[in-house]
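Chemist: This is the content of upload-v4.txt (compact mmCIF, N, CA and C atoms):
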```txt
# COMPACT_ATOMS: atom_id res chain seq x y z
N MET A 1 25.07 0.90 -58.01
CA MET A 1 25.13 0.18 -56.76
C MET A 1 24.65 1.11 -55.64
N LYS A 2 23.77 0.58 -54.84
CA LYS A 2 23.20 1.37 -53.76
C LYS A 2 24.11 1.32 -52.53
N LYS A 3 24.33 2.50 -51.93
CA LYS A 3 25.15 2.55 -50.73
C LYS A 3 24.31 2.13 -49.52
N THR A 4 24.94 1.38 -48.64
CA THR A 4 24.30 0.99 -47.40
C THR A 4 25.19 1.40 -46.24
N GLN A 5 24.61 1.38 -45.08
CA GLN A 5 25.37 1.72 -43.89
C GLN A 5 26.44 0.65 -43.65
N ALA A 6 27.59 1.09 -43.24
CA ALA A 6 28.67 0.16 -42.92
C ALA A 6 28.31 -0.62 -41.66
N LYS A 7 28.67 -1.90 -41.65
CA LYS A 7 28.43 -2.75 -40.49
C LYS A 7 29.76 -3.20 -39.91
N THR A 8 29.74 -3.43 -38.62
CA THR A 8 30.93 -3.97 -37.99
C THR A 8 31.00 -5.47 -38.28
N ILE A 9 32.16 -6.04 -38.07
CA ILE A 9 32.33 -7.48 -38.27
C ILE A 9 31.39 -8.24 -37.33
N GLY A 10 31.25 -7.76 -36.11
CA GLY A 10 30.35 -8.41 -35.15
C GLY A 10 28.91 -8.44 -35.63
N GLU A 11 28.46 -7.34 -36.22
CA GLU A 11 27.09 -7.29 -36.75
C GLU A 11 26.92 -8.24 -37.93
N ILE A 12 27.93 -8.33 -38.77
CA ILE A 12 27.87 -9.24 -39.91
C ILE A 12 27.80 -10.68 -39.44
N VAL A 13 28.62 -11.02 -38.45
CA VAL A 13 28.61 -12.39 -37.91
C VAL A 13 27.27 -12.69 -37.28
N GLN A 14 26.72 -11.76 -36.47
CA GLN A 14 25.41 -11.97 -35.85
C GLN A 14 24.32 -12.17 -36.90
N ASP A 15 24.34 -11.35 -37.94
CA ASP A 15 23.35 -11.50 -39.02
C ASP A 15 23.45 -12.88 -39.67
N TYR A 16 24.66 -13.33 -39.90
CA TYR A 16 24.87 -14.64 -40.52
C TYR A 16 24.36 -15.76 -39.60
N LEU A 17 24.69 -15.67 -38.31
CA LEU A 17 24.26 -16.70 -37.37
C LEU A 17 22.74 -16.77 -37.30
N LYS A 18 22.08 -15.62 -37.29
CA LYS A 18 20.62 -15.60 -37.27
C LYS A 18 20.04 -16.18 -38.56
N LYS A 19 20.64 -15.80 -39.67
CA LYS A 19 20.16 -16.27 -40.97
C LYS A 19 20.26 -17.79 -41.08
N GLU A 20 21.33 -18.35 -40.54
CA GLU A 20 21.56 -19.80 -40.61
C GLU A 20 21.01 -20.54 -39.39
N ASN A 21 20.29 -19.84 -38.52
CA ASN A 21 19.71 -20.42 -37.29
C ASN A 21 20.78 -21.05 -36.40
N LEU A 22 21.93 -20.45 -36.34
CA LEU A 22 23.02 -20.94 -35.50
C LEU A 22 23.13 -20.16 -34.20
N ASP A 23 22.41 -19.05 -34.08
CA ASP A 23 22.52 -18.23 -32.87
C ASP A 23 22.01 -18.97 -31.64
N LEU A 24 20.96 -19.75 -31.78
CA LEU A 24 20.44 -20.50 -30.64
C LEU A 24 21.41 -21.60 -30.23
N ALA A 25 21.99 -22.29 -31.20
CA ALA A 25 22.97 -23.34 -30.89
C ALA A 25 24.18 -22.75 -30.18
N LEU A 26 24.61 -21.59 -30.61
CA LEU A 26 25.74 -20.93 -29.97
C LEU A 26 25.38 -20.53 -28.54
N ASP A 27 24.18 -20.00 -28.34
CA ASP A 27 23.75 -19.63 -27.00
C ASP A 27 23.59 -20.84 -26.08
N GLU A 28 23.17 -21.98 -26.64
CA GLU A 28 23.07 -23.20 -25.85
C GLU A 28 24.46 -23.64 -25.39
N HIS A 29 25.43 -23.53 -26.26
CA HIS A 29 26.81 -23.86 -25.90
C HIS A 29 27.32 -22.90 -24.82
N ARG A 30 27.02 -21.62 -24.97
CA ARG A 30 27.41 -20.63 -23.97
C ARG A 30 26.75 -20.92 -22.63
N ALA A 31 25.49 -21.36 -22.64
CA ALA A 31 24.78 -21.69 -21.40
C ALA A 31 25.49 -22.82 -20.66
N SER A 32 25.91 -23.83 -21.39
CA SER A 32 26.64 -24.93 -20.78
C SER A 32 27.97 -24.45 -20.19
N ALA A 33 28.64 -23.56 -20.91
CA ALA A 33 29.92 -23.03 -20.43
C ALA A 33 29.75 -22.13 -19.21
N LEU A 34 28.58 -21.52 -19.05
CA LEU A 34 28.32 -20.64 -17.90
C LEU A 34 28.04 -21.40 -16.60
N TRP A 35 27.76 -22.67 -16.69
CA TRP A 35 27.38 -23.46 -15.51
C TRP A 35 28.31 -23.26 -14.32
N PRO A 36 29.64 -23.38 -14.49
CA PRO A 36 30.53 -23.20 -13.32
C PRO A 36 30.42 -21.82 -12.69
N GLN A 37 30.25 -20.79 -13.50
CA GLN A 37 30.12 -19.44 -12.97
C GLN A 37 28.81 -19.26 -12.21
N ILE A 38 27.76 -19.85 -12.70
CA ILE A 38 26.44 -19.68 -12.10
C ILE A 38 26.34 -20.42 -10.77
N VAL A 39 26.79 -21.67 -10.73
CA VAL A 39 26.62 -22.47 -9.51
C VAL A 39 27.81 -22.40 -8.57
N GLY A 40 28.95 -21.96 -9.05
CA GLY A 40 30.14 -21.84 -8.20
C GLY A 40 30.99 -23.11 -8.21
N HIS A 41 32.21 -22.95 -7.71
CA HIS A 41 33.19 -24.05 -7.73
C HIS A 41 32.75 -25.23 -6.88
N GLY A 42 32.15 -24.97 -5.73
CA GLY A 42 31.74 -26.05 -4.83
C GLY A 42 30.77 -27.02 -5.46
N ILE A 43 29.80 -26.51 -6.16
CA ILE A 43 28.81 -27.36 -6.84
C ILE A 43 29.39 -27.92 -8.13
N ASN A 44 30.15 -27.13 -8.84
CA ASN A 44 30.69 -27.57 -10.12
C ASN A 44 31.61 -28.78 -9.97
N ARG A 45 32.28 -28.92 -8.84
CA ARG A 45 33.19 -30.06 -8.70
C ARG A 45 32.44 -31.39 -8.59
N TYR A 46 31.13 -31.34 -8.32
CA TYR A 46 30.31 -32.55 -8.33
C TYR A 46 29.61 -32.78 -9.67
N THR A 47 29.85 -31.89 -10.61
CA THR A 47 29.25 -32.02 -11.94
C THR A 47 30.10 -32.97 -12.77
N VAL A 48 29.50 -34.06 -13.21
CA VAL A 48 30.20 -35.04 -14.03
C VAL A 48 30.21 -34.58 -15.48
N THR A 49 29.05 -34.22 -15.99
CA THR A 49 28.94 -33.73 -17.36
C THR A 49 27.69 -32.86 -17.49
N ARG A 50 27.66 -32.03 -18.52
CA ARG A 50 26.50 -31.18 -18.79
C ARG A 50 26.43 -30.90 -20.28
N TRP A 51 25.22 -30.75 -20.77
CA TRP A 51 25.00 -30.39 -22.16
C TRP A 51 23.61 -29.79 -22.30
N VAL A 52 23.42 -29.09 -23.41
CA VAL A 52 22.12 -28.46 -23.68
C VAL A 52 21.64 -28.92 -25.04
N LYS A 53 20.38 -29.31 -25.09
CA LYS A 53 19.76 -29.69 -26.36
C LYS A 53 18.32 -29.21 -26.36
N ASP A 54 17.98 -28.45 -27.36
CA ASP A 54 16.61 -27.94 -27.54
C ASP A 54 16.10 -27.17 -26.32
N GLY A 55 16.96 -26.37 -25.72
CA GLY A 55 16.57 -25.53 -24.60
C GLY A 55 16.52 -26.24 -23.26
N VAL A 56 16.91 -27.50 -23.23
CA VAL A 56 16.92 -28.27 -21.98
C VAL A 56 18.38 -28.55 -21.60
N MET A 57 18.77 -28.08 -20.41
CA MET A 57 20.12 -28.35 -19.92
C MET A 57 20.07 -29.65 -19.14
N HIS A 58 20.98 -30.56 -19.49
CA HIS A 58 21.11 -31.84 -18.81
C HIS A 58 22.38 -31.79 -17.98
N VAL A 59 22.26 -32.08 -16.69
CA VAL A 59 23.41 -32.01 -15.78
C VAL A 59 23.49 -33.32 -15.01
N GLN A 60 24.63 -34.00 -15.15
CA GLN A 60 24.86 -35.22 -14.41
C GLN A 60 25.73 -34.88 -13.21
N LEU A 61 25.26 -35.26 -12.03
CA LEU A 61 25.96 -34.95 -10.78
C LEU A 61 26.38 -36.24 -10.08
N SER A 62 27.45 -36.16 -9.31
CA SER A 62 27.94 -37.33 -8.59
C SER A 62 27.41 -37.39 -7.15
N SER A 63 26.58 -36.46 -6.75
CA SER A 63 26.05 -36.41 -5.39
C SER A 63 24.52 -36.36 -5.41
N ALA A 64 23.89 -37.38 -4.87
CA ALA A 64 22.42 -37.43 -4.83
C ALA A 64 21.83 -36.32 -3.96
N PRO A 65 22.38 -36.05 -2.76
CA PRO A 65 21.82 -34.95 -1.97
C PRO A 65 21.92 -33.59 -2.69
N LEU A 66 23.03 -33.36 -3.36
CA LEU A 66 23.18 -32.11 -4.12
C LEU A 66 22.19 -32.06 -5.27
N ARG A 67 21.96 -33.19 -5.92
CA ARG A 67 21.00 -33.26 -7.02
C ARG A 67 19.61 -32.86 -6.52
N ASN A 68 19.23 -33.35 -5.34
CA ASN A 68 17.93 -32.99 -4.77
C ASN A 68 17.86 -31.50 -4.43
N GLU A 69 18.94 -30.96 -3.87
CA GLU A 69 18.98 -29.54 -3.53
C GLU A 69 18.86 -28.67 -4.78
N LEU A 70 19.58 -29.03 -5.82
CA LEU A 70 19.53 -28.25 -7.07
C LEU A 70 18.16 -28.37 -7.74
N GLN A 71 17.54 -29.53 -7.59
CA GLN A 71 16.20 -29.73 -8.14
C GLN A 71 15.23 -28.71 -7.54
N LEU A 72 15.39 -28.43 -6.25
CA LEU A 72 14.52 -27.47 -5.57
C LEU A 72 14.79 -26.03 -6.04
N ASN A 73 16.01 -25.76 -6.48
CA ASN A 73 16.40 -24.42 -6.92
C ASN A 73 16.51 -24.30 -8.44
N ARG A 74 15.93 -25.22 -9.14
CA ARG A 74 16.02 -25.28 -10.60
C ARG A 74 15.56 -23.99 -11.27
N ARG A 75 14.44 -23.44 -10.85
CA ARG A 75 13.91 -22.23 -11.50
C ARG A 75 14.88 -21.06 -11.35
N ARG A 76 15.47 -20.92 -10.19
CA ARG A 76 16.42 -19.82 -9.94
C ARG A 76 17.67 -19.98 -10.82
N ILE A 77 18.16 -21.19 -10.96
CA ILE A 77 19.33 -21.44 -11.80
C ILE A 77 19.01 -21.12 -13.25
N ILE A 78 17.85 -21.53 -13.72
CA ILE A 78 17.43 -21.22 -15.10
C ILE A 78 17.39 -19.71 -15.31
N ASP A 79 16.81 -18.99 -14.35
CA ASP A 79 16.73 -17.53 -14.46
C ASP A 79 18.11 -16.89 -14.50
N LEU A 80 19.04 -17.38 -13.68
CA LEU A 80 20.40 -16.83 -13.66
C LEU A 80 21.13 -17.07 -14.97
N ILE A 81 20.97 -18.26 -15.53
CA ILE A 81 21.62 -18.58 -16.81
C ILE A 81 21.06 -17.70 -17.92
N ASN A 82 19.74 -17.62 -18.00
CA ASN A 82 19.12 -16.80 -19.05
C ASN A 82 19.46 -15.33 -18.90
N GLU A 83 19.54 -14.86 -17.66
CA GLU A 83 19.92 -13.47 -17.41
C GLU A 83 21.35 -13.21 -17.91
N ALA A 84 22.24 -14.15 -17.65
CA ALA A 84 23.63 -14.01 -18.09
C ALA A 84 23.73 -14.02 -19.62
N LEU A 85 22.84 -14.77 -20.28
CA LEU A 85 22.85 -14.84 -21.74
C LEU A 85 22.13 -13.66 -22.38
N GLY A 86 21.26 -13.01 -21.64
CA GLY A 86 20.54 -11.87 -22.18
C GLY A 86 19.26 -12.22 -22.93
N ARG A 87 18.91 -13.48 -22.92
CA ARG A 87 17.65 -13.91 -23.53
C ARG A 87 17.31 -15.31 -23.02
N GLU A 88 16.06 -15.73 -23.23
CA GLU A 88 15.65 -17.04 -22.74
C GLU A 88 16.13 -18.13 -23.69
N VAL A 89 17.09 -18.87 -23.23
CA VAL A 89 17.65 -19.98 -24.01
C VAL A 89 17.31 -21.30 -23.32
N ILE A 90 17.43 -21.32 -22.00
CA ILE A 90 17.15 -22.52 -21.22
C ILE A 90 15.75 -22.42 -20.64
N HIS A 91 14.93 -23.44 -20.88
CA HIS A 91 13.59 -23.43 -20.29
C HIS A 91 13.39 -24.58 -19.31
N GLU A 92 14.37 -25.47 -19.22
CA GLU A 92 14.27 -26.59 -18.29
C GLU A 92 15.67 -27.11 -17.98
N ILE A 93 15.85 -27.64 -16.77
CA ILE A 93 17.08 -28.33 -16.39
C ILE A 93 16.70 -29.70 -15.85
N VAL A 94 17.39 -30.71 -16.34
CA VAL A 94 17.19 -32.07 -15.88
C VAL A 94 18.47 -32.52 -15.19
N PHE A 95 18.33 -32.99 -13.95
CA PHE A 95 19.48 -33.45 -13.18
C PHE A 95 19.48 -34.98 -13.15
N TYR A 96 20.65 -35.56 -13.34
CA TYR A 96 20.82 -37.02 -13.31
C TYR A 96 21.72 -37.40 -12.16
```
Mind turning this structure into structure tokens?
Modeler:
Amino acid sequence: MKKTQAKTIGEIVQDYLKKENLDLALDEHRASALWPQIVGHGINRYTVTRWVKDGVMHVQLSSAPLRNELQLNRRRIIDLINEALGREVIHEIVFY
């Protein structure tokens, strides 16, 4: 039996997630969970629901003026989310 370098549990889990292509799904879930931190409490209280599918974050808002304002700042929000995740996971945000 060949000896290999010991791995931490975290490394083993990361390897498994990559092997099973679950790392992107996990990061998409994390991106959705980061929304309140990124936009703040004031904006988050107008958020009805949010989800991520195939790199597109969908955000339903209860305020039309806020939706228009966020639409103008969409690129900055995407950059902040991806920066917090450490890689590009979100490439588009759609506001409803």
Chemist: Tell me which protein, DNA and RNA residues are within 8 Å of A:Leu34, counting only N, CA and C atoms, leaving out same-chain ones fewer than 6 positions away, and put them as a ChimeraX atom specification.
Modeler: /A:28,40,81
Chemist: Using Å and a single decimal, report how far atom C of A:Asp23 sits from atom N of A:Asn73.
Modeler: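 That distance, rounded to one decimal, is 26.7 Å.
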Chemist: Enter the distance from atom CA of A:His41 to atom C of A:Asp27, in Å, rounded to one decimal.
Modeler: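 Separation between atom CA of A:His41 and atom C of A:Asp27: 21.0 Å.
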Chemist: Record the distance separating atom CA of A:Ile90 and atom CA of A:Asp54, expressed in Å with one decimal.
Modeler: 8.3 Å
Chemist: Could you tell me which of A:Val94, A:Ala6, A:Ile43, A:Ile77 comes closest to A:Gln60 if we count only C-alpha atoms?
Modeler: A:Val94
Chemist: Mind listing the alpha helix (DSSP H) residues of chain A, per DSSP on the backbone, as a PyMOL selection string?
Modeler: chain A and resi 9-19+23-39+41-44+64-72+74-85
Chemist: Taking the DSSP assignment computed from this structure's backbone, write out as a ChimeraX atom specification all residues of chain A that belong to strand (DSSP E).
Modeler: /A:47-53,56-61,92-95
Chemist: Find, counting all atoms listed in the file, the residue in A:Leu24, A:Ile93, A:Val13, A:Val39 that gets nearest to A:His58.
Modeler: A:Ile93
Chemist: Nearest to A:Leu85 among A:Arg30, A:Asp15, A:Thr4, A:Gly55, with distances taken over only N, CA and C atoms: which residue is it?
Modeler: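 With only N, CA and C atoms as the atom set, the closest residue is A:Arg30.
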Chemist: Which protein, DNA or RNA residues are at most 8 Å from (26.9, -31.1, -17.7) in the file's coordinates when you count all atoms listed in the file, listed as a count of residues only?
Modeler: 13
